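To start, the structure itself, in structure tokens.
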Amino acid sequence: MAHAIPFARMNGLGNEILVADLRGQTKRITPDAARALAARDETHFDQIMAIHDPVTPGTSAYIRIINSDGSESGACGNGTRCVVQALSAETGERDFVFETHAGLLEAREREDGMLTVDMGKPRFDWQAIPLSEEFADTRAIELQIGPIDAPILHSPSVASMGNPHAIFWVSEDVWSYQLDRFGPILEHHPLFPERANISLARVTSKASLDLRTWERGVGLTKACGSAACAAAVCAARTGRTGRSVTITVPAGGELLIEWRDDDHVLMTGPAEWEWSGTLDPETGAFSRDEAAREIAS
């Protein structure tokens, strides 16, 4: 691999993440390379967090976020925690400011090893999400799936956390719904001109909820940090919970989401390193450090 770059396979509560280091060079991971990596069991991912040199003075790095279908995303909270852990291990620093397509994100590694990301301010205006038609109140919009007189899912809350989210509130276990069937339809619904992340949320107390997400450009995922943030703020906004919520995701782990009085959303949770290697950003060919064996595209 003539153009190999270092990367690490990590996960944030089961959310499969590749952290790729492109600092010091002008290369970019191509959509073809991303799709090739996603197609293999060994390197399958939900997001690639591609670390580039800072663009804005005072920031730690510019992060491009690439979905498994090769498209780009504006935010990935679980992936950002993985970047924090990787850079903290490399530099010894604990506090970072990252620039993304969605804006600046402050993040830090705590003394207990947990990682906190300031995901910024949620946006609720229909044009900012965006939606294709006007809704004065985005706490519950007119959208349903299933029979008109007995819909299976209906009236989602919608918000943007740097990417569009629709939260459907359910009373049954989130696993009892065919999200793999409904997710693709709703992701591509005409209401969402930039597509949307589709989540099922079940409130279990005034301070907790269960969440399952069909992620835009990815599909069913074990965890989605920005969806957890969107669900938390929408739950508080509709009076279902308070402003500090523990969210349980399909992998069985928990995220603590705090919607502060200054409108910023803080997400705290773990990240885990699995293995490292090098990859070709143009083709997706890769090798594992411990095996030193190149896997052809």
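Chain lettering (A, B, ...) mirrors the order of the structure tokens, residue numbering begins at 1 for each chain separately, and ligand numbering begins at 1 in order of display.
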Margin query: So that I can check the surroundings of region 215-229 of chain A, please list as a ChimeraX atom specification every protein, DNA and RNA residue that reaches within 6 Å of it, counting only C-alpha atoms and ignoring chain neighbours fewer than 4 positions away.
Written below: /A:14-15,46,67-69,76-78,196-197,249-251
Note to self: So that I can check the surroundings of Leu209 (chain A), please list as a PyMOL selection string every protein, DNA and RNA residue that reaches within 10 Å of it, counting only C-alpha atoms and ignoring chain neighbours fewer than 2 positions away.
What the structure shows: chain A and resi 201-207+211+228+231-232+235+240-241+245-249+254
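Considering only C-alpha atoms, the residue among A:Arg94, A:Arg9, A:Arg212, A:Arg243 positioned nearest to Ser176 (chain A) is A:Arg212.
Of the residues listed (A:Met10, A:Ile48, A:Val233, A:Met161), A:Met161 shows the shortest atom-to-atom separation from Ala75 (chain A); distances use only C-alpha atoms.
Of the residues listed (A:Leu131, A:Ala107, A:Cys82, A:Ile66), A:Ile66 shows the shortest atom-to-atom separation from Ala33 (chain A); distances use only C-alpha atoms.
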Residues of region 10-50 of chain A that have any atom at most 7 Å from an atom of region 269-292 of chain A: could you tabulate them with the shortest-distance atom pair and the distance in Å to one decimal, using only C-alpha atoms, ordered by chain and increasing number, as CSV?
```
residue,atom,partner,partner_atom,distance
A:Met10,CA,A:Trp273,CA,4.5
A:Asn11,CA,A:Glu272,CA,5.3
A:Gly12,CA,A:Ala271,CA,4.5
A:Leu13,CA,A:Ala271,CA,6.8
A:Arg28,CA,A:Pro281,CA,6.3
A:Ile29,CA,A:Pro281,CA,4.3
A:Thr30,CA,A:Glu282,CA,5.5
A:Asp32,CA,A:Thr283,CA,6.6
A:Ala33,CA,A:Gly284,CA,4.0
A:Ala34,CA,A:Gly284,CA,6.4
A:Ala36,CA,A:Gly284,CA,5.6
A:Leu37,CA,A:Gly284,CA,5.5
```
Item checked: Option closest in space to Gln144 (chain A), from A:Asn163, A:Ser88, A:Ser157, A:Thr59 [counting only C-alpha atoms] -> A:Ser157
Note to self: Could you pull out the alpha helix (DSSP H) residues of region 27-264 of chain A, going by DSSP on the backbone, and write them as a PyMOL selection string?
What the structure shows: chain A and resi 31-38+77-91+179-187+225-237
Margin query: Considering only strand (DSSP E or B) as DSSP defines it on the backbone, what residues of region 57-235 of chain A qualify? List them as a VMD selection string.
Written below: chain A and resid 61 to 67 72 to 73 95 to 100 103 to 109 115 to 118 123 144 to 145 153 to 154 157 to 160 164 to 169 197 to 205 208 to 215 219 to 221
Using only C-alpha atoms, which protein or nucleic acid residues come within 12 Å of Val55 (chain A)? Drop anything in the same chain fewer than 4 positions from it, and give the result as a PDB file with N, CA and C atoms, in the first residue's frame.
```
ATOM      1  N   ARG A  23      -3.419  13.449   9.506  1.00  0.00           N
ATOM      2  CA  ARG A  23      -2.716  14.691   9.794  1.00  0.00           C
ATOM      3  C   ARG A  23      -1.389  14.735   9.030  1.00  0.00           C
ATOM      4  N   ILE A  51      -9.192  12.089  10.983  1.00  0.00           N
ATOM      5  CA  ILE A  51      -8.557  13.224  11.661  1.00  0.00           C
ATOM      6  C   ILE A  51      -7.658  13.962  10.676  1.00  0.00           C
ATOM      7  N   THR A  59      -8.074  25.178  17.338  1.00  0.00           N
ATOM      8  CA  THR A  59      -8.720  23.870  17.390  1.00  0.00           C
ATOM      9  C   THR A  59      -7.667  22.770  17.345  1.00  0.00           C
ATOM     10  N   SER A  60      -8.044  21.578  17.808  1.00  0.00           N
ATOM     11  CA  SER A  60      -7.110  20.450  17.884  1.00  0.00           C
ATOM     12  C   SER A  60      -6.986  19.719  16.562  1.00  0.00           C
ATOM     13  N   ALA A  61      -8.077  19.637  15.806  1.00  0.00           N
ATOM     14  CA  ALA A  61      -8.082  18.900  14.544  1.00  0.00           C
ATOM     15  C   ALA A  61      -9.389  19.178  13.826  1.00  0.00           C
ATOM     16  N   TYR A  62      -9.393  18.890  12.530  1.00  0.00           N
ATOM     17  CA  TYR A  62     -10.645  18.878  11.762  1.00  0.00           C
ATOM     18  C   TYR A  62     -11.032  17.422  11.564  1.00  0.00           C
ATOM     19  N   ILE A  63     -12.285  17.083  11.864  1.00  0.00           N
ATOM     20  CA  ILE A  63     -12.748  15.703  11.771  1.00  0.00           C
ATOM     21  C   ILE A  63     -13.772  15.571  10.650  1.00  0.00           C
ATOM     22  N   ARG A  64     -13.459  14.741   9.651  1.00  0.00           N
ATOM     23  CA  ARG A  64     -14.452  14.351   8.653  1.00  0.00           C
ATOM     24  C   ARG A  64     -15.094  13.052   9.123  1.00  0.00           C
ATOM     25  N   VAL A  97     -10.620  20.559  21.239  1.00  0.00           N
ATOM     26  CA  VAL A  97     -11.660  21.251  20.489  1.00  0.00           C
ATOM     27  C   VAL A  97     -11.556  20.768  19.049  1.00  0.00           C
ATOM     28  N   PHE A  98     -12.602  20.116  18.571  1.00  0.00           N
ATOM     29  CA  PHE A  98     -12.607  19.586  17.211  1.00  0.00           C
ATOM     30  C   PHE A  98     -13.541  20.418  16.335  1.00  0.00           C
ATOM     31  N   GLU A  99     -13.124  20.591  15.085  1.00  0.00           N
ATOM     32  CA  GLU A  99     -13.996  21.228  14.102  1.00  0.00           C
ATOM     33  C   GLU A  99     -14.572  20.141  13.199  1.00  0.00           C
ATOM     34  N   THR A 100     -15.889  20.214  12.968  1.00  0.00           N
ATOM     35  CA  THR A 100     -16.569  19.283  12.075  1.00  0.00           C
ATOM     36  C   THR A 100     -17.439  20.081  11.118  1.00  0.00           C
ATOM     37  N   HIS A 101     -18.049  19.373  10.194  1.00  0.00           N
ATOM     38  CA  HIS A 101     -18.973  20.021   9.265  1.00  0.00           C
ATOM     39  C   HIS A 101     -20.105  20.730  10.008  1.00  0.00           C
ATOM     40  N   GLY A 103     -19.798  22.148  13.003  1.00  0.00           N
ATOM     41  CA  GLY A 103     -19.318  23.194  13.906  1.00  0.00           C
ATOM     42  C   GLY A 103     -18.251  22.671  14.851  1.00  0.00           C
ATOM     43  N   LEU A 104     -18.011  23.428  15.922  1.00  0.00           N
ATOM     44  CA  LEU A 104     -16.967  23.082  16.888  1.00  0.00           C
ATOM     45  C   LEU A 104     -17.528  22.212  18.008  1.00  0.00           C
TER      46      LEU A 104
END
```
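Note that CA of Ser208 (chain A) and CA of Val83 (chain A) are 26.6 Å apart.
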Next item on the list: Quote the spacing between CA of Gln85 (chain A) and CA of Ile257 (chain A) in Å to one decimal place.
Entry: 18.8 Å
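A straight line drawn from CA of His165 (chain A) to CA of Ala150 (chain A) is 23.4 Å long.
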